[in-house]
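A.B. asks: File follows, data30.json with JSON, C-alpha atoms:
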[["chain", "number", "residue", "atom", "x", "y", "z"],
["E", 2, "MET", "CA", -20.27, 18.84, -7.04],
["E", 3, "LYS", "CA", -16.96, 20.09, -5.74],
["E", 4, "ILE", "CA", -14.42, 18.36, -3.54],
["E", 5, "GLY", "CA", -12.56, 21.30, -2.14],
["E", 6, "ASN", "CA", -11.68, 23.27, -5.28],
["E", 7, "VAL", "CA", -11.99, 20.25, -7.61],
["E", 8, "ASN", "CA", -15.01, 20.06, -9.90],
["E", 9, "ILE", "CA", -16.55, 16.60, -10.24],
["E", 10, "ASP", "CA", -18.91, 16.80, -13.20],
["E", 11, "GLY", "CA", -20.99, 13.65, -13.48],
["E", 12, "TYR", "CA", -23.06, 11.05, -11.69],
["E", 13, "ALA", "CA", -20.84, 8.04, -10.97],
["E", 14, "CYS", "CA", -17.17, 7.37, -10.28],
["E", 15, "LEU", "CA", -14.89, 4.33, -10.16],
["E", 16, "ALA", "CA", -13.93, 2.76, -6.84],
["E", 17, "PRO", "CA", -10.28, 2.11, -5.84],
["E", 18, "MET", "CA", -10.29, -1.68, -6.15],
["E", 19, "ALA", "CA", -6.92, -3.21, -5.29],
["E", 20, "GLY", "CA", -5.54, -5.36, -8.07],
["E", 21, "VAL", "CA", -8.30, -4.22, -10.41],
["E", 22, "ALA", "CA", -8.53, -0.44, -10.74],
["E", 23, "ASP", "CA", -5.12, -0.03, -12.33],
["E", 24, "LYS", "CA", -4.26, 2.55, -14.96],
["E", 25, "ALA", "CA", -5.64, 0.51, -17.87],
["E", 26, "PHE", "CA", -9.01, -0.03, -16.18],
["E", 27, "ARG", "CA", -9.27, 3.52, -14.87],
["E", 28, "GLU", "CA", -8.65, 4.95, -18.34],
["E", 29, "LEU", "CA", -11.28, 2.63, -19.80],
["E", 30, "CYS", "CA", -13.92, 3.56, -17.24],
["E", 31, "MET", "CA", -13.21, 7.27, -17.61],
["E", 32, "ASP", "CA", -13.69, 6.91, -21.37],
["E", 33, "PHE", "CA", -17.09, 5.32, -20.75],
["E", 34, "GLY", "CA", -18.28, 8.13, -18.49],
["E", 35, "SER", "CA", -16.84, 7.77, -15.00],
["E", 36, "CYS", "CA", -16.51, 11.35, -13.78],
["E", 37, "TYR", "CA", -13.74, 10.66, -11.26],
["E", 38, "CYS", "CA", -11.53, 7.77, -10.24],
["E", 39, "VAL", "CA", -9.27, 6.71, -7.40],
["E", 40, "SER", "CA", -6.03, 4.76, -7.66],
["E", 41, "GLU", "CA", -5.40, 1.37, -6.15],
["E", 42, "MET", "CA", -4.42, 1.77, -2.51],
["E", 43, "VAL", "CA", -0.75, 2.53, -1.93],
["E", 44, "SER", "CA", 1.14, 1.54, 1.21],
["E", 45, "SER", "CA", 2.44, 4.57, 3.08],
["E", 46, "LYS", "CA", 5.11, 2.36, 4.66],
["E", 47, "GLY", "CA", 6.05, 1.14, 1.22],
["E", 48, "ILE", "CA", 6.61, 4.71, 0.14],
["E", 49, "SER", "CA", 8.65, 5.43, 3.28],
["E", 50, "TYR", "CA", 10.86, 2.43, 2.41],
["E", 51, "ASN", "CA", 11.32, 3.74, -1.16],
["E", 52, "SER", "CA", 9.39, 0.83, -2.68],
["E", 53, "ALA", "CA", 9.36, 1.19, -6.46],
["E", 54, "LYS", "CA", 6.31, -1.08, -6.63],
["E", 55, "SER", "CA", 4.35, 1.21, -4.30],
["E", 56, "ALA", "CA", 5.43, 4.32, -6.18],
["E", 57, "LYS", "CA", 4.36, 2.83, -9.52],
["E", 58, "LEU", "CA", 0.81, 2.44, -8.21],
["E", 59, "MET", "CA", 0.67, 6.24, -7.96],
["E", 60, "GLU", "CA", 1.37, 6.81, -11.65],
["E", 61, "LEU", "CA", -1.51, 8.54, -13.44],
["E", 62, "SER", "CA", -2.06, 9.09, -17.15],
["E", 63, "GLU", "CA", -3.44, 12.17, -18.86],
["E", 64, "ASN", "CA", -6.70, 10.36, -19.57],
["E", 65, "GLU", "CA", -7.84, 9.69, -16.00],
["E", 66, "HIS", "CA", -8.43, 13.05, -14.42],
["E", 67, "PRO", "CA", -9.80, 14.15, -12.05],
["E", 68, "CYS", "CA", -8.17, 11.39, -10.05],
["E", 69, "ALA", "CA", -7.16, 10.73, -6.46],
["E", 70, "VAL", "CA", -4.21, 8.74, -5.19],
["E", 71, "GLN", "CA", -5.31, 6.57, -2.29],
["E", 72, "ILE", "CA", -2.91, 5.78, 0.56],
["E", 73, "PHE", "CA", -3.23, 3.41, 3.49],
["E", 74, "GLY", "CA", -1.47, 2.96, 6.80],
["E", 75, "ASN", "CA", -1.94, 3.71, 10.49],
["E", 76, "GLU", "CA", 0.85, 6.17, 11.31],
["E", 77, "PRO", "CA", -0.08, 9.84, 10.84],
["E", 78, "HIS", "CA", 3.47, 11.01, 10.05],
["E", 79, "THR", "CA", 4.09, 8.20, 7.56],
["E", 80, "MET", "CA", 0.74, 8.84, 5.87],
["E", 81, "ALA", "CA", 1.58, 12.53, 5.56],
["E", 82, "LYS", "CA", 4.94, 11.67, 4.02],
["E", 83, "ALA", "CA", 3.27, 9.39, 1.47],
["E", 84, "ALA", "CA", 0.74, 12.10, 0.61],
["E", 85, "ARG", "CA", 3.54, 14.59, -0.07],
["E", 86, "PHE", "CA", 5.33, 12.01, -2.20],
["E", 87, "ALA", "CA", 2.15, 11.45, -4.25],
["E", 88, "LEU", "CA", 2.01, 15.08, -5.34],
["E", 89, "GLN", "CA", 4.69, 14.50, -7.98],
["E", 90, "TYR", "CA", 2.16, 12.37, -9.89],
["E", 91, "LYS", "CA", -0.25, 15.32, -10.01],
["E", 92, "PRO", "CA", -3.44, 13.89, -8.53],
["E", 93, "GLU", "CA", -6.24, 16.35, -7.87],
["E", 94, "ILE", "CA", -7.03, 14.69, -4.53],
["E", 95, "ILE", "CA", -5.44, 12.51, -1.84],
["E", 96, "ASP", "CA", -7.76, 9.78, -0.54],
["E", 97, "ILE", "CA", -7.20, 7.98, 2.77],
["E", 98, "ASN", "CA", -8.22, 4.34, 3.00],
["E", 99, "MET", "CA", -10.12, 3.57, 6.20],
["E", 100, "GLY", "CA", -12.34, 0.92, 4.65],
["E", 101, "CYS", "CA", -10.30, -1.95, 3.20],
["E", 102, "PRO", "CA", -11.54, -5.22, 4.78],
["E", 103, "ALA", "CA", -8.67, -7.42, 3.54],
["E", 104, "PRO", "CA", -7.10, -9.30, 6.48],
["E", 105, "LYS", "CA", -3.54, -8.50, 5.41],
["E", 106, "ILE", "CA", -4.41, -4.79, 5.68],
["E", 107, "SER", "CA", -6.75, -4.68, 8.67],
["E", 108, "SER", "CA", -4.67, -7.12, 10.73],
["E", 109, "ASN", "CA", -1.90, -4.54, 10.69],
["E", 110, "GLY", "CA", -4.17, -1.81, 12.02],
["E", 111, "ALA", "CA", -4.80, -0.12, 8.68],
["E", 112, "GLY", "CA", -7.81, 0.00, 6.35],
["E", 113, "ALA", "CA", -11.11, -0.69, 8.09],
["E", 114, "ALA", "CA", -9.32, -1.47, 11.36],
["E", 115, "LEU", "CA", -8.79, 2.28, 11.80],
["E", 116, "MET", "CA", -12.50, 2.67, 12.47],
["E", 117, "LYS", "CA", -11.93, 1.03, 15.85],
["E", 118, "ASP", "CA", -9.89, 4.10, 16.81],
["E", 119, "PRO", "CA", -11.78, 7.28, 15.79],
["E", 120, "LYS", "CA", -9.21, 9.49, 17.53],
["E", 121, "LEU", "CA", -6.42, 8.04, 15.38],
["E", 122, "CYS", "CA", -8.60, 8.54, 12.29],
["E", 123, "GLY", "CA", -8.77, 12.23, 13.10],
["E", 124, "GLU", "CA", -5.02, 12.47, 13.70],
["E", 125, "ILE", "CA", -4.26, 10.85, 10.34],
["E", 126, "VAL", "CA", -6.60, 13.15, 8.46],
["E", 127, "ARG", "CA", -5.18, 16.23, 10.18],
["E", 128, "GLU", "CA", -1.56, 15.25, 9.43],
["E", 129, "VAL", "CA", -2.30, 14.53, 5.78],
["E", 130, "VAL", "CA", -4.35, 17.71, 5.33],
["E", 131, "ASN", "CA", -1.50, 19.77, 6.77],
["E", 132, "ALA", "CA", 1.02, 18.03, 4.53],
["E", 133, "VAL", "CA", -0.54, 18.79, 1.13],
["E", 134, "SER", "CA", -2.16, 21.70, -0.67],
["E", 135, "ILE", "CA", -4.81, 19.63, -2.48],
["E", 136, "PRO", "CA", -8.09, 18.31, -1.04],
["E", 137, "VAL", "CA", -8.03, 15.23, 1.18],
["E", 138, "THR", "CA", -10.88, 12.72, 1.25],
["E", 139, "VAL", "CA", -11.54, 9.56, 3.26],
["E", 140, "LYS", "CA", -13.13, 6.22, 2.40],
["E", 141, "ILE", "CA", -14.78, 4.39, 5.29],
["E", 142, "ARG", "CA", -17.21, 1.54, 5.95],
["E", 143, "LYS", "CA", -20.36, 1.24, 8.02],
["E", 144, "GLY", "CA", -18.21, 0.14, 10.95],
["E", 145, "PHE", "CA", -15.83, -2.62, 11.94],
["E", 146, "ASP", "CA", -18.58, -5.10, 12.83],
["E", 147, "ASP", "CA", -22.24, -5.14, 13.84],
["E", 148, "ASP", "CA", -21.33, -4.24, 17.42],
["E", 149, "ASN", "CA", -19.35, -1.21, 16.28],
["E", 150, "ILE", "CA", -21.42, 0.79, 13.80],
["E", 151, "ASN", "CA", -19.68, 4.18, 14.00],
["E", 152, "ALA", "CA", -19.54, 5.53, 10.46],
["E", 153, "VAL", "CA", -21.30, 8.76, 11.44],
["E", 154, "GLN", "CA", -18.85, 9.40, 14.29],
["E", 155, "VAL", "CA", -15.77, 8.63, 12.18],
["E", 156, "ALA", "CA", -17.04, 10.68, 9.23],
["E", 157, "ALA", "CA", -17.72, 13.68, 11.48],
["E", 158, "ILE", "CA", -14.22, 13.45, 12.98],
["E", 159, "CYS", "CA", -12.73, 13.31, 9.49],
["E", 160, "GLU", "CA", -14.66, 16.44, 8.52],
["E", 161, "GLU", "CA", -13.60, 18.23, 11.70],
["E", 162, "ASN", "CA", -9.97, 17.52, 10.86],
["E", 163, "GLY", "CA", -10.15, 18.86, 7.32],
["E", 164, "ALA", "CA", -11.46, 16.15, 5.02],
["E", 165, "LYS", "CA", -13.26, 17.63, 2.01],
["E", 166, "ALA", "CA", -15.42, 14.58, 1.25],
["E", 167, "VAL", "CA", -16.20, 11.14, 2.67],
["E", 168, "THR", "CA", -16.99, 7.97, 0.74],
["E", 169, "ILE", "CA", -18.90, 5.32, 2.65],
["E", 170, "HIS", "CA", -19.39, 1.69, 1.72],
["E", 171, "GLY", "CA", -22.57, 0.42, 3.34],
["E", 172, "ARG", "CA", -21.07, -2.75, 4.84],
["E", 173, "THR", "CA", -18.99, -3.49, 7.91],
["E", 174, "LYS", "CA", -15.45, -4.79, 7.73],
["E", 175, "THR", "CA", -16.54, -8.23, 8.90],
["E", 176, "GLN", "CA", -19.21, -8.41, 6.18],
["E", 177, "TYR", "CA", -16.49, -8.00, 3.58],
["E", 178, "TYR", "CA", -18.66, -8.01, 0.41],
["E", 179, "SER", "CA", -21.42, -10.33, 1.63],
["E", 180, "GLY", "CA", -25.03, -9.39, 2.23],
["E", 181, "VAL", "CA", -26.52, -6.13, 1.04],
["E", 182, "ALA", "CA", -25.10, -2.62, 1.37],
["E", 183, "ASP", "CA", -26.93, -0.56, 3.98],
["E", 184, "LEU", "CA", -28.36, 2.59, 2.41],
["E", 185, "ASP", "CA", -29.54, 3.88, 5.78],
["E", 186, "ILE", "CA", -26.00, 4.35, 7.07],
["E", 187, "ILE", "CA", -25.09, 6.26, 3.91],
["E", 188, "LYS", "CA", -28.13, 8.46, 4.48],
["E", 189, "ASP", "CA", -27.16, 9.01, 8.13],
["E", 190, "VAL", "CA", -23.63, 10.06, 7.17],
["E", 191, "LYS", "CA", -24.97, 12.42, 4.52],
["E", 192, "ASN", "CA", -27.34, 14.03, 7.02],
["E", 193, "ALA", "CA", -24.55, 14.47, 9.56],
["E", 194, "LEU", "CA", -21.98, 16.18, 7.34],
["E", 195, "SER", "CA", -21.72, 19.45, 5.46],
["E", 196, "ILE", "CA", -19.05, 18.16, 3.04],
["E", 197, "PRO", "CA", -19.93, 15.91, 0.05],
["E", 198, "VAL", "CA", -20.73, 12.27, 0.73],
["E", 199, "ILE", "CA", -20.13, 9.57, -1.88],
["E", 200, "GLY", "CA", -22.22, 6.41, -1.61],
["E", 201, "ASN", "CA", -20.69, 3.01, -2.39],
["E", 202, "GLY", "CA", -22.00, -0.53, -2.51],
["E", 203, "ASP", "CA", -24.09, -2.71, -4.84],
["E", 204, "ILE", "CA", -24.23, -0.33, -7.81],
["E", 205, "VAL", "CA", -24.42, -2.60, -10.85],
["E", 206, "CYS", "CA", -26.85, -0.67, -13.08],
["E", 207, "ALA", "CA", -28.41, 2.75, -13.53],
["E", 208, "GLN", "CA", -31.45, 1.94, -11.43],
["E", 209, "ASP", "CA", -29.20, 1.03, -8.49],
["E", 210, "ALA", "CA", -27.54, 4.44, -8.77],
["E", 211, "LYS", "CA", -30.91, 6.18, -8.97],
["E", 212, "ARG", "CA", -32.15, 4.35, -5.89],
["E", 213, "MET", "CA", -29.04, 5.27, -3.90],
["E", 214, "TYR", "CA", -29.28, 8.93, -4.88],
["E", 215, "GLU", "CA", -32.97, 9.18, -4.07],
["E", 216, "TYR", "CA", -32.84, 7.26, -0.79],
["E", 217, "THR", "CA", -29.63, 8.61, 0.72],
["E", 218, "GLY", "CA", -29.32, 12.09, -0.77],
["E", 219, "CYS", "CA", -25.64, 11.38, -1.44],
["E", 220, "ASP", "CA", -23.68, 13.73, -3.70],
["E", 221, "LEU", "CA", -22.13, 11.05, -5.92],
["E", 222, "VAL", "CA", -22.23, 7.28, -6.31],
["E", 223, "MET", "CA", -19.14, 5.09, -6.55],
["E", 224, "VAL", "CA", -19.16, 1.90, -8.63],
["E", 225, "GLY", "CA", -16.86, -0.97, -7.72],
["E", 226, "ARG", "CA", -17.47, -4.60, -8.69],
["E", 227, "GLY", "CA", -20.38, -3.55, -10.91],
["E", 228, "ALA", "CA", -17.88, -2.10, -13.39],
["E", 229, "LEU", "CA", -15.94, -5.35, -13.84],
["E", 230, "GLY", "CA", -16.28, -6.36, -17.46],
["E", 231, "ASN", "CA", -18.87, -3.61, -17.67],
["E", 232, "PRO", "CA", -17.39, -0.12, -18.08],
["E", 233, "TRP", "CA", -20.68, 0.65, -19.87],
["E", 234, "VAL", "CA", -22.32, 0.94, -16.46],
["E", 235, "PHE", "CA", -21.11, 4.55, -16.34],
["E", 236, "SER", "CA", -22.64, 5.30, -19.73],
["E", 237, "GLU", "CA", -25.87, 3.68, -18.57],
["E", 238, "ILE", "CA", -26.00, 5.77, -15.39],
["E", 239, "ASN", "CA", -25.21, 8.98, -17.28],
["E", 240, "ALA", "CA", -27.89, 8.21, -19.86],
["E", 241, "LEU", "CA", -30.53, 7.74, -17.16],
["E", 242, "PHE", "CA", -29.79, 11.04, -15.45],
["E", 243, "ASN", "CA", -29.36, 12.93, -18.72],
["E", 244, "LEU", "CA", -32.63, 11.46, -20.05],
["E", 245, "ASP", "CA", -30.80, 9.86, -22.95],
["E", 246, "LYS", "CA", -31.24, 6.40, -24.43],
["E", 247, "PHE", "CA", -28.75, 3.70, -23.50],
["E", 248, "LYS", "CA", -28.06, 0.83, -25.88],
["E", 249, "LYS", "CA", -26.58, -2.29, -24.37],
["E", 250, "PRO", "CA", -23.29, -3.32, -25.97],
["E", 251, "THR", "CA", -23.34, -6.10, -28.52],
["E", 252, "PHE", "CA", -21.13, -9.15, -28.30],
["E", 253, "ASP", "CA", -18.70, -7.66, -30.81],
["E", 254, "GLU", "CA", -18.57, -4.38, -28.88],
["E", 255, "LYS", "CA", -17.80, -6.25, -25.67],
["E", 256, "MET", "CA", -15.03, -8.22, -27.31],
["E", 257, "MET", "CA", -13.55, -5.08, -28.87],
["E", 258, "VAL", "CA", -13.45, -3.29, -25.52],
["E", 259, "MET", "CA", -12.08, -6.34, -23.72],
["E", 260, "LYS", "CA", -9.34, -6.56, -26.33],
["E", 261, "ARG", "CA", -8.49, -2.89, -25.85],
["E", 262, "HIS", "CA", -8.49, -3.28, -22.06],
["E", 263, "ILE", "CA", -6.21, -6.33, -21.98],
["E", 264, "GLU", "CA", -3.84, -4.94, -24.62],
["E", 265, "SER", "CA", -3.43, -1.81, -22.51],
["E", 266, "LEU", "CA", -2.87, -3.92, -19.41],
["E", 267, "ALA", "CA", -0.14, -5.92, -21.15],
["E", 268, "GLU", "CA", 1.45, -2.77, -22.54],
["E", 269, "ASN", "CA", 1.57, -1.12, -19.12],
["E", 270, "LYS", "CA", 2.87, -4.11, -17.16],
["E", 271, "GLY", "CA", 4.53, -6.31, -19.75],
["E", 272, "GLU", "CA", 2.86, -9.28, -21.40],
["E", 273, "TYR", "CA", 3.80, -11.83, -18.73],
["E", 274, "ILE", "CA", 2.40, -9.92, -15.74],
["E", 275, "GLY", "CA", -0.34, -8.21, -17.73],
["E", 276, "MET", "CA", -1.79, -11.47, -19.00],
["E", 277, "LYS", "CA", -1.67, -13.06, -15.55],
["E", 278, "GLU", "CA", -3.72, -10.15, -14.23],
["E", 279, "ALA", "CA", -5.99, -10.27, -17.29],
["E", 280, "ARG", "CA", -7.27, -13.65, -16.13],
["E", 281, "ALA", "CA", -9.21, -11.83, -13.40],
["E", 282, "HIS", "CA", -10.83, -9.45, -15.90],
["E", 283, "ILE", "CA", -11.65, -11.58, -18.94],
["E", 284, "PRO", "CA", -14.36, -13.79, -17.36],
["E", 285, "HIS", "CA", -16.45, -10.73, -16.49],
["E", 286, "TYR", "CA", -16.69, -9.76, -20.15],
["E", 287, "PHE", "CA", -18.27, -13.15, -20.95],
["E", 288, "LYS", "CA", -21.07, -12.77, -18.43],
["E", 289, "ASP", "CA", -24.53, -13.59, -19.83],
["E", 290, "PHE", "CA", -23.14, -15.26, -22.95],
["E", 291, "LYS", "CA", -23.92, -18.81, -23.96],
["E", 292, "GLY", "CA", -21.02, -21.06, -22.96],
["E", 293, "ALA", "CA", -19.69, -18.47, -20.51],
["E", 294, "ALA", "CA", -18.65, -21.09, -17.95],
["E", 295, "LYS", "CA", -16.35, -22.86, -20.42],
["E", 296, "LEU", "CA", -14.97, -19.55, -21.64],
["E", 297, "ARG", "CA", -14.23, -18.47, -18.08],
["E", 298, "ASN", "CA", -12.27, -21.66, -17.59],
["E", 299, "ASP", "CA", -10.31, -20.97, -20.77],
["E", 300, "ALA", "CA", -9.68, -17.40, -19.61],
["E", 301, "CYS", "CA", -7.73, -18.75, -16.64],
["E", 302, "LYS", "CA", -5.19, -20.23, -19.06],
["E", 303, "VAL", "CA", -4.33, -17.22, -21.22],
["E", 304, "SER", "CA", -0.64, -16.36, -21.13],
["E", 305, "THR", "CA", -0.10, -14.23, -24.22],
["E", 306, "ILE", "CA", -1.95, -11.68, -26.31],
["E", 307, "ASP", "CA", -2.26, -14.33, -29.01],
["E", 308, "ASP", "CA", -4.07, -16.54, -26.49],
["E", 309, "LEU", "CA", -6.52, -13.71, -25.96],
["E", 310, "TYR", "CA", -7.16, -13.33, -29.68],
["E", 311, "LYS", "CA", -7.78, -17.07, -30.03],
["E", 312, "LEU", "CA", -10.19, -16.97, -27.08],
["E", 313, "ILE", "CA", -12.12, -14.13, -28.69],
["E", 314, "ASP", "CA", -12.35, -16.09, -31.95],
["E", 315, "LYS", "CA", -13.60, -19.12, -30.04],
["E", 316, "ALA", "CA", -16.18, -17.02, -28.22],
["E", 317, "ARG", "CA", -17.35, -15.43, -31.46],
["E", 318, "ALA", "CA", -17.91, -18.86, -32.97],
["E", 319, "THR", "CA", -19.99, -20.19, -30.09],
["E", 320, "CYS", "CA", -21.63, -17.37, -28.12],
["E", 321, "PHE", "CA", -24.56, -15.05, -28.19],
["E", 322, "ILE", "CA", -26.33, -12.99, -25.52]]
Output the structure of this file as structure tokens.
C.D. replies:
Amino acid sequence: MKIGNVNIDGYACLAPMAGVADKAFRELCMDFGSCYCVSEMVSSKGISYNSAKSAKLMELSENEHPCAVQIFGNEPHTMAKAARFALQYKPEIIDINMGCPAPKISSNGAGAALMKDPKLCGEIVREVVNAVSIPVTVKIRKGFDDDNINAVQVAAICEENGAKAVTIHGRTKTQYYSGVADLDIIKDVKNALSIPVIGNGDIVCAQDAKRMYEYTGCDLVMVGRGALGNPWVFSEINALFNLDKFKKPTFDEKMMVMKRHIESLAENKGEYIGMKEARAHIPHYFKDFKGAAKLRNDACKVSTIDDLYKLIDKARATCFI
């Protein structure tokens, strides 16, 4: 499919998970077949205050394109300024976050809270579209809560104001990540728009992707938590749609990729910060292995790359699928 003038050649892309979808993880998932990725969300106010931390989140490597930089906020002018600032990092797309359910984001009127004000959603999209020369997309949810299911209305307003694609997660803000993603709302949004619609929610294997495509008619599926410790999910999805065989990774293959992932994380952010963040990733790589619970506990204690190597040796001595 195409988002504006950007070709997206594949079947599944990586979601913009805050604190997870950093450069190291995006590069890894792209290598395993993600056809597109989106950065962690970046505060537009942070950019307006010249925050180096916010700016660093926009940095993209050569190995993760096509890629979007995602921005969040609730002030049209500030969002437009952040979008212009992002251009120096050469993203193909600017994505607007209207779906984050985190209280610290939504309580300030940003993220999923924007869906309570469709008019403001349109104003933000229009300002950002007018500020940049690359396509602008929007990520939304089903609605704010069960009494306010307005994804179709918000998506249509975004399209009217120049958005080139809409991603919809099939849960409300108040659901957070509980329950089951609603495929019907994704289908409704797809039927209402003429621009591409990307479906998001509960994609953990190729069959989940197939079901979402067939039921909703969406143009692309987005994988979030299903990729944690499992970048192979993109290879699996691609294999299904390309009628190829997919071979599940062995224990040694998982450990090799985990090692590569965490080493890259430590290189990008420094060993101290990188290894602290690695504690959130490592347990996912041990899923389905014998002794995984004990290994997950040990993963919470790693502080150095050497700790990681020792943990892998311990796992190799005690685990099997």
A.B. asks: Just to confirm, what's the straight-line distance from atom CA of E:Gln154 to atom CA of E:Cys14 in Å (one decimal)?
C.D. replies: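 Here the two named atoms are 24.7 Å from each other.
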A.B. asks: Quick one: everything within 12 Å of E:Tyr214, counting only C-alpha atoms, minus sequence neighbours fewer than 4 positions away in the same chain. Send it as an mmCIF file with C-alpha atoms, in the frame of the given file.
C.D. replies:
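part.cif, freshly written:
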data_model
loop_
_atom_site.group_PDB
_atom_site.id
_atom_site.type_symbol
_atom_site.label_atom_id
_atom_site.label_comp_id
_atom_site.auth_asym_id
_atom_site.auth_seq_id
_atom_site.Cartn_x
_atom_site.Cartn_y
_atom_site.Cartn_z
ATOM 1 C CA TYR E 12 -23.060 11.050 -11.690
ATOM 2 C CA ALA E 13 -20.840 8.040 -10.970
ATOM 3 C CA LEU E 184 -28.360 2.590 2.410
ATOM 4 C CA ASP E 185 -29.540 3.880 5.780
ATOM 5 C CA ILE E 187 -25.090 6.260 3.910
ATOM 6 C CA LYS E 188 -28.130 8.460 4.480
ATOM 7 C CA LYS E 191 -24.970 12.420 4.520
ATOM 8 C CA VAL E 198 -20.730 12.270 0.730
ATOM 9 C CA ILE E 199 -20.130 9.570 -1.880
ATOM 10 C CA GLY E 200 -22.220 6.410 -1.610
ATOM 11 C CA ASN E 201 -20.690 3.010 -2.390
ATOM 12 C CA ILE E 204 -24.230 -0.330 -7.810
ATOM 13 C CA ALA E 207 -28.410 2.750 -13.530
ATOM 14 C CA GLN E 208 -31.450 1.940 -11.430
ATOM 15 C CA ASP E 209 -29.200 1.030 -8.490
ATOM 16 C CA ALA E 210 -27.540 4.440 -8.770
ATOM 17 C CA GLY E 218 -29.320 12.090 -0.770
ATOM 18 C CA CYS E 219 -25.640 11.380 -1.440
ATOM 19 C CA ASP E 220 -23.680 13.730 -3.700
ATOM 20 C CA LEU E 221 -22.130 11.050 -5.920
ATOM 21 C CA VAL E 222 -22.230 7.280 -6.310
ATOM 22 C CA MET E 223 -19.140 5.090 -6.550
ATOM 23 C CA ILE E 238 -26.000 5.770 -15.390
ATOM 24 C CA PHE E 242 -29.790 11.040 -15.450
#
A.B. asks: Measuring between all atoms listed in the file, which one of E:Asp183, E:Glu278, E:Asp245, E:Asp289 shows the shortest distance to E:Tyr216?
C.D. replies: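 Of E:Asp183, E:Glu278, E:Asp245, E:Asp289, the one nearest E:Tyr216 is E:Asp183, counting all atoms listed in the file.
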A.B. asks: Please identify all polymer residues within 8 Å of E:Gly230, counting all atoms listed in the file, omitting same-chain residues fewer than 3 positions from it, and present them as a PyMOL selection string.
C.D. replies: chain E and resi 259+282-287
A.B. asks: Pick out the residues sitting within 12 Å of E:Glu237, and hand them over as a compact mmCIF listing (two decimals) with C-alpha atoms, keeping the file's coordinate frame; count all atoms listed in the file, and ignore anything fewer than 2 positions along from it in its own chain.
C.D. replies:
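Saved to around30.txt:
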# COMPACT_ATOMS: atom_id res chain seq x y z
CA TYR E 12 -23.06 11.05 -11.69
CA ALA E 13 -20.84 8.04 -10.97
CA PHE E 33 -17.09 5.32 -20.75
CA GLY E 34 -18.28 8.13 -18.49
CA SER E 35 -16.84 7.77 -15.00
CA ILE E 204 -24.23 -0.33 -7.81
CA VAL E 205 -24.42 -2.60 -10.85
CA CYS E 206 -26.85 -0.67 -13.08
CA ALA E 207 -28.41 2.75 -13.53
CA GLN E 208 -31.45 1.94 -11.43
CA ASP E 209 -29.20 1.03 -8.49
CA ALA E 210 -27.54 4.44 -8.77
CA LYS E 211 -30.91 6.18 -8.97
CA GLY E 227 -20.38 -3.55 -10.91
CA ALA E 228 -17.88 -2.10 -13.39
CA ASN E 231 -18.87 -3.61 -17.67
CA PRO E 232 -17.39 -0.12 -18.08
CA TRP E 233 -20.68 0.65 -19.87
CA VAL E 234 -22.32 0.94 -16.46
CA PHE E 235 -21.11 4.55 -16.34
CA ASN E 239 -25.21 8.98 -17.28
CA ALA E 240 -27.89 8.21 -19.86
CA LEU E 241 -30.53 7.74 -17.16
CA PHE E 242 -29.79 11.04 -15.45
CA ASN E 243 -29.36 12.93 -18.72
CA LEU E 244 -32.63 11.46 -20.05
CA ASP E 245 -30.80 9.86 -22.95
CA LYS E 246 -31.24 6.40 -24.43
CA PHE E 247 -28.75 3.70 -23.50
CA LYS E 248 -28.06 0.83 -25.88
CA LYS E 249 -26.58 -2.29 -24.37
CA PRO E 250 -23.29 -3.32 -25.97
